[in-house]
>>> print(open('structure.txt').read())   # compact mmCIF, C-alpha atoms (C1' of nucleotides)
# COMPACT_ATOMS: atom_id res chain seq x y z
CA MET A 1 -10.33 11.60 -4.87
CA GLY A 2 -10.98 15.22 -5.45
CA GLY A 3 -7.95 17.17 -6.29
CA MET A 4 -4.65 18.12 -4.76
CA THR A 5 -4.24 20.73 -7.45
CA LEU A 6 -1.39 22.35 -5.62
CA THR A 7 1.89 21.06 -6.80
CA GLN A 8 4.94 23.20 -6.32
CA SER A 9 5.80 23.07 -2.68
CA SER A 10 8.28 25.33 -1.06
CA PRO A 11 10.19 24.52 2.11
CA VAL A 12 7.85 24.92 4.97
CA SER A 13 7.72 26.46 8.37
CA THR A 14 11.27 27.27 9.36
CA ASP A 15 12.31 28.13 5.86
CA ARG A 16 10.03 30.68 4.41
CA LEU A 17 12.62 32.28 2.17
CA ASP A 18 10.87 31.47 -1.06
CA ALA A 19 7.37 31.29 0.31
CA CYS A 20 5.96 33.73 -2.21
CA VAL A 21 8.60 33.43 -4.89
CA ALA A 22 7.99 31.81 -8.24
CA ALA A 23 4.44 30.93 -7.32
CA PRO A 24 2.09 33.16 -9.30
CA ARG A 25 -1.29 31.49 -8.69
CA LEU A 26 -0.66 28.21 -6.99
CA HIS A 27 -2.83 29.00 -4.01
CA PRO A 28 -6.57 29.57 -3.95
CA ARG A 29 -6.08 32.85 -2.15
CA PRO A 30 -3.15 35.25 -2.00
CA HIS A 31 -0.89 35.80 0.94
CA GLY A 32 -2.81 37.72 3.60
CA GLU A 33 -6.17 36.13 2.89
CA ASP A 34 -4.88 32.64 3.47
CA ARG A 35 -6.99 31.59 6.42
CA TYR A 36 -8.88 28.58 5.08
CA THR A 37 -11.47 26.63 7.03
CA ILE A 38 -11.13 22.91 7.30
CA SER A 39 -13.85 22.27 4.74
CA GLU A 40 -12.14 24.56 2.25
CA VAL A 41 -8.91 22.65 2.68
CA ALA A 42 -10.80 19.40 2.38
CA ALA A 43 -12.22 20.61 -0.94
CA PHE A 44 -8.81 21.71 -2.24
CA THR A 45 -6.86 18.67 -1.23
CA GLY A 46 -9.41 15.90 -1.58
CA LEU A 47 -8.73 14.82 1.97
CA THR A 48 -11.65 14.66 4.40
CA ALA A 49 -11.93 16.93 7.43
CA HIS A 50 -11.64 13.76 9.45
CA THR A 51 -8.32 12.96 7.85
CA LEU A 52 -7.02 16.51 8.25
CA ARG A 53 -7.76 16.42 11.97
CA TRP A 54 -6.18 13.02 12.13
CA TYR A 55 -3.03 14.30 10.43
CA GLU A 56 -2.82 16.97 13.07
CA ARG A 57 -3.46 14.52 15.89
CA ILE A 58 -0.66 12.20 14.87
CA GLY A 59 1.76 15.09 14.42
CA LEU A 60 1.81 15.17 10.65
CA MET A 61 0.78 18.85 10.52
CA PRO A 62 3.32 21.30 11.96
CA HIS A 63 0.90 23.32 14.03
CA VAL A 64 -2.19 24.74 12.40
CA ASP A 65 -3.29 28.22 13.37
CA ARG A 66 -6.63 28.75 15.12
CA SER A 67 -9.24 31.52 15.09
CA HIS A 68 -9.96 33.38 18.33
CA THR A 69 -12.69 30.82 18.98
CA GLY A 70 -10.54 27.78 18.35
CA GLN A 71 -11.44 26.90 14.77
CA ARG A 72 -8.65 25.81 12.45
CA ARG A 73 -7.38 28.35 9.97
CA PHE A 74 -5.08 26.79 7.41
CA SER A 75 -2.49 28.94 5.63
CA ASN A 76 -0.97 28.70 2.16
CA GLN A 77 2.06 27.16 3.85
CA ASP A 78 -0.17 24.47 5.31
CA LEU A 79 -1.46 23.82 1.82
CA ASP A 80 2.11 23.54 0.56
CA TRP A 81 2.89 21.11 3.32
CA LEU A 82 -0.16 19.04 2.51
CA ALA A 83 0.86 18.95 -1.14
CA PHE A 84 4.31 17.79 -0.14
CA VAL A 85 2.86 15.11 2.10
CA GLY A 86 0.71 14.04 -0.82
CA LYS A 87 3.83 13.57 -2.92
CA LEU A 88 5.58 11.62 -0.21
CA ARG A 89 2.52 9.44 0.14
CA LEU A 90 2.79 8.60 -3.55
CA THR A 91 6.28 7.32 -2.97
CA GLY A 92 4.94 4.85 -0.44
CA MET A 93 6.79 6.47 2.45
CA PRO A 94 5.18 5.32 5.69
CA VAL A 95 3.31 7.97 7.62
CA ALA A 96 5.60 7.43 10.59
CA ASP A 97 8.55 8.72 8.58
CA MET A 98 6.66 11.80 7.50
CA VAL A 99 5.77 12.42 11.10
CA ARG A 100 9.46 12.17 11.91
CA TYR A 101 10.22 14.86 9.35
CA ALA A 102 7.44 17.05 10.70
CA GLU A 103 8.92 16.66 14.18
CA LEU A 104 12.32 17.78 12.95
CA ILE A 105 10.72 20.89 11.51
CA ARG A 106 9.03 21.61 14.83
CA VAL A 107 12.34 21.34 16.66
CA GLY A 108 14.03 24.03 14.61
CA GLU A 109 17.04 24.88 12.49
CA GLU A 110 19.46 22.65 14.34
CA THR A 111 17.83 19.70 12.56
CA PHE A 112 18.70 20.89 9.06
CA GLU A 113 21.33 18.20 8.67
CA GLU A 114 19.04 15.40 9.78
CA ARG A 115 16.26 16.67 7.57
CA GLN A 116 18.58 16.77 4.61
CA GLU A 117 19.68 13.22 5.29
CA LEU A 118 16.13 12.02 5.62
CA LEU A 119 15.18 13.61 2.31
CA ALA A 120 18.31 12.24 0.68
CA ARG A 121 17.44 8.74 1.83
CA THR A 122 13.93 9.19 0.54
CA ARG A 123 15.27 10.41 -2.76
CA ARG A 124 17.42 7.32 -3.05
CA ASP A 125 14.42 5.13 -2.32
CA VAL A 126 12.31 6.90 -4.90
CA LEU A 127 15.00 6.50 -7.55
CA ASN A 128 15.20 2.80 -6.77
CA ARG A 129 11.49 2.56 -7.06
CA ILE A 130 11.57 4.30 -10.43
CA ALA A 131 14.21 1.83 -11.61
CA GLU A 132 12.06 -1.09 -10.51
CA LEU A 133 9.09 0.33 -12.33
CA GLN A 134 11.10 0.87 -15.49
CA ASP A 135 12.13 -2.73 -15.23
CA THR A 136 8.50 -3.67 -14.97
CA VAL A 137 7.65 -1.62 -18.03
CA ALA A 138 10.27 -3.59 -19.94
CA VAL A 139 8.68 -6.86 -18.89
CA LEU A 140 5.26 -5.52 -19.81
CA ASP A 141 6.52 -4.40 -23.22
CA HIS A 142 7.92 -7.83 -23.77
CA LYS A 143 4.62 -9.51 -23.02
CA ILE A 144 2.55 -6.98 -24.90
CA SER A 145 4.58 -7.44 -28.05
CA PHE A 146 4.27 -11.17 -27.62
CA TYR A 147 0.50 -10.86 -27.71
CA ALA A 148 0.64 -8.44 -30.60
CA ASP A 149 2.74 -10.88 -32.62
CA ALA A 150 0.57 -13.83 -31.71
CA ARG A 151 -2.55 -12.02 -32.82
CA LYS A 152 -0.95 -10.89 -36.05
CA ALA A 153 0.03 -14.49 -36.71
CA SER A 154 -3.48 -15.78 -36.07
CA GLU A 155 -4.93 -13.14 -38.40
CA ARG A 156 -2.63 -14.33 -41.14
CA ALA A 157 -3.88 -17.88 -40.65
CA MET B 158 12.11 -10.28 2.71
CA GLY B 159 14.37 -12.99 1.45
CA GLY B 160 14.84 -12.80 -2.22
CA MET B 161 12.97 -12.97 -5.48
CA THR B 162 16.27 -13.40 -7.26
CA LEU B 163 14.49 -14.38 -10.44
CA THR B 164 13.96 -11.47 -12.69
CA GLN B 165 13.52 -12.10 -16.39
CA SER B 166 10.09 -13.52 -16.88
CA SER B 167 8.91 -15.07 -20.06
CA PRO B 168 5.30 -15.35 -21.15
CA VAL B 169 3.71 -18.01 -19.06
CA SER B 170 1.49 -21.00 -19.43
CA THR B 171 -0.22 -20.68 -22.78
CA ASP B 172 2.76 -19.12 -24.46
CA ARG B 173 5.77 -21.30 -23.96
CA LEU B 174 7.47 -20.24 -27.15
CA ASP B 175 10.52 -18.75 -25.53
CA ALA B 176 10.40 -20.74 -22.33
CA CYS B 177 14.02 -21.84 -22.55
CA VAL B 178 15.31 -19.16 -24.87
CA ALA B 179 17.70 -16.47 -23.74
CA ALA B 180 17.62 -17.71 -20.17
CA PRO B 181 21.02 -19.24 -19.44
CA ARG B 182 20.88 -19.65 -15.66
CA LEU B 183 17.84 -17.83 -14.38
CA HIS B 184 16.33 -20.83 -12.70
CA PRO B 185 17.67 -22.84 -9.79
CA ARG B 186 17.32 -26.03 -11.76
CA PRO B 187 17.25 -26.71 -15.49
CA HIS B 188 14.24 -27.74 -17.52
CA GLY B 189 13.37 -31.32 -16.66
CA GLU B 190 14.41 -31.13 -13.02
CA ASP B 191 12.07 -28.27 -12.28
CA ARG B 192 9.80 -29.89 -9.75
CA TYR B 193 10.28 -27.69 -6.68
CA THR B 194 8.65 -28.32 -3.34
CA ILE B 195 6.75 -25.52 -1.69
CA SER B 196 9.53 -24.83 0.79
CA GLU B 197 12.07 -24.54 -2.01
CA VAL B 198 9.89 -22.01 -3.76
CA ALA B 199 9.40 -20.19 -0.49
CA ALA B 200 13.17 -19.96 -0.11
CA PHE B 201 13.66 -18.71 -3.68
CA THR B 202 10.90 -16.15 -3.70
CA GLY B 203 10.87 -14.95 -0.11
CA LEU B 204 7.17 -15.70 0.07
CA THR B 205 5.95 -18.03 2.79
CA ALA B 206 4.40 -21.43 2.08
CA HIS B 207 1.25 -19.98 3.57
CA THR B 208 1.26 -17.18 1.02
CA LEU B 209 1.98 -19.53 -1.88
CA ARG B 210 -0.99 -21.69 -0.95
CA TRP B 211 -3.05 -18.58 -0.54
CA TYR B 212 -2.06 -17.37 -4.03
CA GLU B 213 -3.27 -20.67 -5.39
CA ARG B 214 -6.48 -20.56 -3.41
CA ILE B 215 -7.48 -17.14 -4.69
CA GLY B 216 -6.65 -18.08 -8.26
CA LEU B 217 -3.42 -16.17 -8.60
CA MET B 218 -1.46 -19.28 -9.61
CA PRO B 219 -2.47 -20.83 -12.92
CA HIS B 220 -2.62 -24.42 -11.74
CA VAL B 221 0.35 -25.88 -9.93
CA ASP B 222 1.31 -29.44 -10.71
CA ARG B 223 1.12 -32.09 -8.02
CA SER B 224 3.11 -35.21 -7.22
CA HIS B 225 1.35 -38.58 -7.36
CA THR B 226 0.56 -38.14 -3.66
CA GLY B 227 -0.82 -34.67 -3.97
CA GLN B 228 2.11 -32.50 -2.99
CA ARG B 229 2.78 -29.36 -4.97
CA ARG B 230 5.57 -29.45 -7.51
CA PHE B 231 6.36 -26.02 -8.87
CA SER B 232 7.94 -25.66 -12.30
CA ASN B 233 10.31 -23.06 -13.70
CA GLN B 234 7.27 -21.55 -15.38
CA ASP B 235 5.62 -21.19 -12.02
CA LEU B 236 8.73 -19.40 -10.81
CA ASP B 237 8.55 -17.09 -13.81
CA TRP B 238 4.94 -16.37 -13.04
CA LEU B 239 5.74 -15.64 -9.44
CA ALA B 240 8.50 -13.28 -10.52
CA PHE B 241 6.05 -11.52 -12.81
CA VAL B 242 3.50 -11.26 -10.04
CA GLY B 243 6.23 -9.81 -7.86
CA LYS B 244 6.83 -7.11 -10.44
CA LEU B 245 3.15 -6.33 -10.75
CA ARG B 246 2.93 -6.12 -6.99
CA LEU B 247 5.64 -3.48 -7.04
CA THR B 248 3.50 -1.39 -9.35
CA GLY B 249 0.74 -1.40 -6.76
CA MET B 250 -1.61 -3.36 -8.96
CA PRO B 251 -4.35 -4.83 -6.79
CA VAL B 252 -4.31 -8.58 -6.40
CA ALA B 253 -7.78 -8.79 -7.89
CA ASP B 254 -6.47 -7.51 -11.23
CA MET B 255 -3.68 -10.02 -11.25
CA VAL B 256 -6.21 -12.74 -10.54
CA ARG B 257 -8.18 -11.47 -13.51
CA TYR B 258 -5.12 -11.86 -15.72
CA ALA B 259 -4.48 -15.35 -14.36
CA GLU B 260 -8.09 -16.23 -15.18
CA LEU B 261 -7.65 -15.05 -18.74
CA ILE B 262 -4.63 -17.28 -19.08
CA ARG B 263 -6.61 -20.23 -17.77
CA VAL B 264 -9.35 -19.64 -20.32
CA GLY B 265 -7.02 -19.90 -23.31
CA GLU B 266 -5.83 -18.22 -26.46
CA GLU B 267 -9.11 -16.53 -27.24
CA THR B 268 -8.29 -14.06 -24.49
CA PHE B 269 -5.08 -12.79 -26.09
CA GLU B 270 -6.69 -9.49 -26.97
CA GLU B 271 -8.07 -8.91 -23.53
CA ARG B 272 -4.78 -9.82 -21.94
CA GLN B 273 -2.97 -7.43 -24.18
CA GLU B 274 -5.35 -4.66 -23.26
CA LEU B 275 -5.00 -5.38 -19.59
CA LEU B 276 -1.24 -5.23 -19.83
CA ALA B 277 -1.39 -2.08 -21.91
CA ARG B 278 -3.55 -0.41 -19.29
CA THR B 279 -1.12 -1.51 -16.63
CA ARG B 280 1.77 -0.19 -18.63
CA ARG B 281 0.06 3.17 -18.89
CA ASP B 282 -0.51 3.22 -15.15
CA VAL B 283 3.09 2.37 -14.44
CA LEU B 284 4.32 5.13 -16.73
CA ASN B 285 2.08 7.61 -14.94
CA ARG B 286 3.41 6.41 -11.66
CA ILE B 287 6.97 6.88 -12.87
CA ALA B 288 6.13 10.42 -13.92
CA GLU B 289 4.69 11.17 -10.51
CA LEU B 290 7.77 9.82 -8.84
CA GLN B 291 10.05 11.87 -11.06
CA ASP B 292 8.03 14.87 -10.07
CA THR B 293 8.57 13.96 -6.46
CA VAL B 294 12.30 13.62 -7.00
CA ALA B 295 12.31 17.16 -8.37
CA VAL B 296 10.58 18.44 -5.23
CA LEU B 297 12.99 16.48 -3.08
CA ASP B 298 15.97 17.91 -4.96
CA HIS B 299 14.59 21.34 -4.43
CA LYS B 300 14.33 20.90 -0.71
CA ILE B 301 17.63 19.06 -0.38
CA SER B 302 19.49 21.85 -2.11
CA PHE B 303 17.72 24.33 0.12
CA TYR B 304 19.10 22.56 3.17
CA ALA B 305 22.51 22.26 1.57
CA ASP B 306 22.59 25.99 0.90
CA ALA B 307 21.32 26.86 4.34
CA ARG B 308 24.00 24.75 5.98
CA LYS B 309 26.73 26.18 3.79
CA ALA B 310 25.55 29.67 4.76
CA SER B 311 25.58 28.86 8.46
CA GLU B 312 29.10 27.44 8.15
CA ARG B 313 30.25 30.70 6.60
CA ALA B 314 28.79 32.63 9.53
C1' DC C 315 -33.60 32.25 14.74
C1' DG C 316 -32.29 28.18 12.71
C1' DC C 317 -29.20 25.70 10.02
C1' DT C 318 -24.62 24.67 8.87
C1' DT C 319 -20.16 24.22 10.21
C1' DG C 320 -16.97 23.61 13.54
C1' DC C 321 -14.93 21.70 17.90
C1' DT C 322 -13.64 17.60 21.12
C1' DT C 323 -13.23 12.65 22.42
C1' DC C 324 -14.16 8.06 21.84
C1' DG C 325 -14.32 3.99 19.67
C1' DA C 326 -15.53 1.05 15.96
C1' DG C 327 -15.30 -0.23 10.93
C1' DT C 328 -12.98 -0.78 6.32
C1' DG C 329 -9.99 -2.70 2.75
C1' DC C 330 -6.01 -4.70 1.45
C1' DA C 331 -2.63 -8.18 1.55
C1' DC C 332 -1.07 -10.99 3.88
C1' DT C 333 0.23 -13.91 8.11
C1' DC C 334 -0.21 -17.17 11.47
C1' DG C 335 -1.76 -21.03 14.21
C1' DA C 336 -4.01 -25.17 15.04
C1' DA C 337 -6.20 -29.52 14.13
C1' DG C 338 -5.68 -33.86 12.10
C1' DG C 339 -3.75 -36.46 8.89
C1' DA C 340 -0.49 -38.18 4.90
C1' DT C 341 4.16 -38.59 2.96
C1' DC C 342 9.16 -38.29 2.55
C1' DT C 343 13.95 -38.92 3.92
C1' DA C 344 17.83 -40.42 6.60
C1' DT D 345 10.91 -45.84 12.11
C1' DA D 346 11.47 -41.15 13.74
C1' DG D 347 11.26 -36.58 12.60
C1' DA D 348 10.71 -33.28 9.06
C1' DT D 349 7.76 -31.72 5.56
C1' DC D 350 3.56 -31.77 3.30
C1' DC D 351 -1.57 -31.67 2.85
C1' DT D 352 -6.44 -29.71 3.99
C1' DT D 353 -9.76 -26.50 6.26
C1' DC D 354 -10.92 -23.04 9.33
C1' DG D 355 -10.71 -18.97 11.40
C1' DA D 356 -8.43 -15.35 13.72
C1' DG D 357 -4.73 -11.70 13.89
C1' DT D 358 -1.74 -7.96 11.91
C1' DG D 359 -0.41 -3.43 10.09
C1' DC D 360 -1.38 0.37 7.62
C1' DA D 361 -3.93 4.35 6.55
C1' DC D 362 -7.62 5.92 6.82
C1' DT D 363 -12.82 6.48 7.50
C1' DC D 364 -16.90 7.06 9.77
C1' DG D 365 -20.33 7.87 13.24
C1' DA D 366 -22.02 9.65 17.37
C1' DA D 367 -22.36 12.47 21.46
C1' DG D 368 -22.55 16.97 23.13
C1' DC D 369 -21.55 21.51 22.62
C1' DA D 370 -19.82 26.28 20.58
C1' DA D 371 -19.68 29.48 16.72
C1' DG D 372 -20.82 31.54 12.16
C1' DC D 373 -24.21 33.18 8.57
C1' DG D 374 -28.22 34.56 6.08
>>> encode(input="structure.txt", output="C-alpha cells")
Amino acid sequence: MGGMTLTQSSPVSTDRLDACVAAPRLHPRPHGEDRYTISEVAAFTGLTAHTLRWYERIGLMPHVDRSHTGQRRFSNQDLDWLAFVGKLRLTGMPVADMVRYAELIRVGEETFEERQELLARTRRDVLNRIAELQDTVAVLDHKISFYADARKASERA
Amino acid sequence: MGGMTLTQSSPVSTDRLDACVAAPRLHPRPHGEDRYTISEVAAFTGLTAHTLRWYERIGLMPHVDRSHTGQRRFSNQDLDWLAFVGKLRLTGMPVADMVRYAELIRVGEETFEERQELLARTRRDVLNRIAELQDTVAVLDHKISFYADARKASERA
DNA sequence: CGCTTGCTTCGAGTGCACTCGAAGGATCTA
DNA sequence: TAGATCCTTCGAGTGCACTCGAAGCAAGCG
C-alpha cells in the first residue's frame, strides 16, 4: 500500500467547473503537464499497473487518454477520479456500483439526477456504517474499561 | 441476512460479573432456560448452522456446551459472544484476530492485559475508519450539492 | 543499440469468509 | 415409529477484488 496522497476530489469529466479551483498543489504536476504514464500513476496511487488496466477494462475509468502511439496518458482529472474511487472503496461500495456511476458519467448530463440519487444513497449507507462503528466503539470501551478495572483490582490484591 | 437482533454484549466467558445486569430482555430466553439448539441460534443470529459449526471449528467460539448426547446447547453468553463477533466483523477485523482474542479468553485471566491491548488497538482502528468515512461523507456532500446546483441551474434555464 | 516500459490478450492464482452438499449415522419430537 | 433435526468429516464451490505471469510485439530513452 503505497500512497493515494491525493485527497480532495472535484467532480469529474462532465463537470469541470472547479477543476483547478481551491486545489493549490494536490496534483504531482500542474494543469498542462498532466500526462502521466501508467507507472507514474501506479506510484502515486499505490495501485498496480495491472489493476489500473483492469479498472479501465471493467469500465471503472471514464476513458483514459492515449499518446499518438497508444500508450495511456493519465490526467489530473483521472487522478481525482482514482482518489474518489479509493474513497468509495473504503466505504465498502461494491465495484459494480462504482462502475454504474462511471457509466452515468459517460452517458452525459442527462444523468445528473440519477447520479445525485446514487451518491445520496451511498451517503446514507456511509452514515449508517459510521453509526454502526460508533456503536462498536461503545462496546469496545465497555470491555476495555472492564479489563482496566479488573487489572486495577488484581494489583490491589 | 436475517437478524442479529441482539446488541448489548457483556464481557464473555471469564468475566461474568455483569452477565445478568442491565439486560432486561435482550435474550430470547432468561438465564436458566438458555440452552438453544443450533437452529435456534441460526434463526436469532442470521448465521447458518454451517457457519456456526465452522466458527467453532476454527476456534472462534469459546467452547459451546453440549447435551448429554453430544448436541450443541448454546447459552445466552454464547449469544452475547456472537453479537460481539458480529460487531467486530462490521469493523472489518479479520477472523484470525478474533480467533486470537477467543484464544486469550480460553487461556484465562492472565491474558487480561493482552486482551485489553488487542481491544485498544481495535478501537484505534475503528476510530480511524470512522474518520475516513466522515471524510468520504464530506466528498459525497460536495458532489451531491454540485449536482443539486447544476439541476437547479438547468431548471432556471 | 539495448534496456526498460508499454501495449494486448489470455488465463490462472490468491485470500478471505463463508457456503454448500453429501455420506452415514445418532437423537428428538409428535 | 416416522420424519425432522442433529452430529461428524470431507471436500468442493462461491463471490469479490484483485494479482500475477506469460507470450509476443511496439515504443521510448540514455
>>> closest_atom_pairs(input="structure.txt", of="chain D", to="segment 319-341 of chain C", cutoff="9 Å", atoms="all atoms listed in the file", output="JSON lines")
{"residue": "D:DT349", "atom": "C1'", "partner": "C:DT341", "partner_atom": "C1'", "distance": 8.2}
{"residue": "D:DC350", "atom": "C1'", "partner": "C:DT341", "partner_atom": "C1'", "distance": 6.9}
{"residue": "D:DC351", "atom": "C1'", "partner": "C:DA340", "partner_atom": "C1'", "distance": 6.9}
{"residue": "D:DT352", "atom": "C1'", "partner": "C:DG339", "partner_atom": "C1'", "distance": 8.8}
{"residue": "D:DA356", "atom": "C1'", "partner": "C:DC334", "partner_atom": "C1'", "distance": 8.7}
{"residue": "D:DG357", "atom": "C1'", "partner": "C:DC334", "partner_atom": "C1'", "distance": 7.5}
{"residue": "D:DT358", "atom": "C1'", "partner": "C:DT333", "partner_atom": "C1'", "distance": 7.3}
{"residue": "D:DC362", "atom": "C1'", "partner": "C:DT328", "partner_atom": "C1'", "distance": 8.6}
{"residue": "D:DT363", "atom": "C1'", "partner": "C:DT328", "partner_atom": "C1'", "distance": 7.4}
{"residue": "D:DC364", "atom": "C1'", "partner": "C:DG327", "partner_atom": "C1'", "distance": 7.6}
{"residue": "D:DG365", "atom": "C1'", "partner": "C:DA326", "partner_atom": "C1'", "distance": 8.8}
{"residue": "D:DC369", "atom": "C1'", "partner": "C:DC321", "partner_atom": "C1'", "distance": 8.1}
{"residue": "D:DA370", "atom": "C1'", "partner": "C:DC321", "partner_atom": "C1'", "distance": 7.2}
{"residue": "D:DA371", "atom": "C1'", "partner": "C:DG320", "partner_atom": "C1'", "distance": 7.2}
{"residue": "D:DG372", "atom": "C1'", "partner": "C:DT319", "partner_atom": "C1'", "distance": 7.6}
>>> write_last_selection(input="structure.txt", atoms="C-alpha atoms (C1' of nucleotides)", output="compact mmCIF listing (two decimals), keeping the file's coordinate frame")
# COMPACT_ATOMS: atom_id res chain seq x y z
C1' DT D 349 7.76 -31.72 5.56
C1' DC D 350 3.56 -31.77 3.30
C1' DC D 351 -1.57 -31.67 2.85
C1' DT D 352 -6.44 -29.71 3.99
C1' DA D 356 -8.43 -15.35 13.72
C1' DG D 357 -4.73 -11.70 13.89
C1' DT D 358 -1.74 -7.96 11.91
C1' DC D 362 -7.62 5.92 6.82
C1' DT D 363 -12.82 6.48 7.50
C1' DC D 364 -16.90 7.06 9.77
C1' DG D 365 -20.33 7.87 13.24
C1' DC D 369 -21.55 21.51 22.62
C1' DA D 370 -19.82 26.28 20.58
C1' DA D 371 -19.68 29.48 16.72
C1' DG D 372 -20.82 31.54 12.16
>>> residues_around(input="structure.txt", residues="Leu245 of chain B", least_positions_apart="6", cutoff="10 Å", atoms="only C-alpha atoms (C1' of nucleotides)", output="list in words")
Leu133, Thr136, Val137, Val139 and Leu140 of chain A; Leu239, Pro251, Val252, Asp254, Met255, Thr279 and Val283 of chain B
>>> atom_distance(input="structure.txt", atom1="atom CA of His27 of chain A", atom2="atom CA of Phe44 of chain A")
9.6 Å
>>> residues_near_point(input="structure.txt", point="(1.6, 23.4, 16.9)", cutoff="12 Å", atoms="only C-alpha atoms (C1' of nucleotides)", output="VMD selection string")
chain A and resid 13 56 to 66 72 78 102 to 103 105 to 107
>>> closest_residue(input="structure.txt", among="B:Ala295, B:Ile287, B:Glu312, B:Leu209", to="chain A", atoms="only C-alpha atoms")
B:Ile287
>>> residues_around(input="structure.txt", residues="Tyr101 of chain A", least_positions_apart="5", cutoff="9 Å", atoms="all atoms listed in the file", output="NGL selection string")
:A and (60 or 96 or 106 or 114-115 or 118-119)
>>> interface_residues(input="structure.txt", of="chain A", to="chain B", cutoff="9 Å", atoms="only C-alpha atoms", output="MDAnalysis selection string")
chainID A and resid 8:11 15 84 87:88 90:91 112:113 115:117 119:120 122:123 126:127 129:137 139:148 150:151
>>> interface_residues(input="structure.txt", of="chain A", to="chain C", cutoff="9 Å", atoms="all atoms listed in the file", output="list in words")
Ile38, Ser39, Gly70, Gln71 and Arg72 of chain A
>>> closest_atom_pairs(input="structure.txt", of="chain A", to="chain D", cutoff="8 Å", atoms="only C-alpha atoms (C1' of nucleotides)", output="Markdown table")
| residue | atom | partner | partner_atom | distance |
| --- | --- | --- | --- | --- |
| A:His50 | CA | D:DT363 | C1' | 7.6 |
| A:Thr51 | CA | D:DC362 | C1' | 7.1 |
| A:Thr69 | CA | D:DA371 | C1' | 7.5 |
>>> atom_distance(input="structure.txt", atom1="atom CA of Gln77 of chain A", atom2="atom CA of Met93 of chain A")
21.3 Å
>>> atom_distance(input="structure.txt", atom1="atom CA of Ser75 of chain A", atom2="atom CA of Tyr36 of chain A")
6.4 Å
>>> decode(input="structure.txt", residues="segment 249-272 of chain B", atoms="C-alpha atoms", output="PDB file, in the first residue's frame")
ATOM      1  CA  GLY B 249     -13.568  -5.381   9.062  1.00  0.00           C
ATOM      2  CA  MET B 250     -11.427  -7.110  11.633  1.00  0.00           C
ATOM      3  CA  PRO B 251     -10.049 -10.296  10.115  1.00  0.00           C
ATOM      4  CA  VAL B 252     -11.387 -13.522  11.548  1.00  0.00           C
ATOM      5  CA  ALA B 253      -7.881 -14.550  12.547  1.00  0.00           C
ATOM      6  CA  ASP B 254      -7.688 -11.652  15.012  1.00  0.00           C
ATOM      7  CA  MET B 255     -10.996 -12.556  16.542  1.00  0.00           C
ATOM      8  CA  VAL B 256      -9.778 -16.114  16.908  1.00  0.00           C
ATOM      9  CA  ARG B 257      -6.739 -14.727  18.684  1.00  0.00           C
ATOM     10  CA  TYR B 258      -8.985 -12.921  21.147  1.00  0.00           C
ATOM     11  CA  ALA B 259     -11.058 -16.059  21.680  1.00  0.00           C
ATOM     12  CA  GLU B 260      -7.840 -17.958  22.396  1.00  0.00           C
ATOM     13  CA  LEU B 261      -6.830 -15.413  25.005  1.00  0.00           C
ATOM     14  CA  ILE B 262     -10.172 -15.872  26.701  1.00  0.00           C
ATOM     15  CA  ARG B 263      -9.688 -19.627  26.716  1.00  0.00           C
ATOM     16  CA  VAL B 264      -6.295 -19.280  28.359  1.00  0.00           C
ATOM     17  CA  GLY B 265      -7.608 -17.370  31.359  1.00  0.00           C
ATOM     18  CA  GLU B 266      -7.245 -14.269  33.458  1.00  0.00           C
ATOM     19  CA  GLU B 267      -3.514 -13.922  32.965  1.00  0.00           C
ATOM     20  CA  THR B 268      -4.275 -12.625  29.493  1.00  0.00           C
ATOM     21  CA  PHE B 269      -6.308  -9.632  30.657  1.00  0.00           C
ATOM     22  CA  GLU B 270      -3.555  -7.239  29.683  1.00  0.00           C
ATOM     23  CA  GLU B 271      -3.119  -8.671  26.240  1.00  0.00           C
ATOM     24  CA  ARG B 272      -6.847  -8.682  25.662  1.00  0.00           C
TER      25      ARG B 272
END
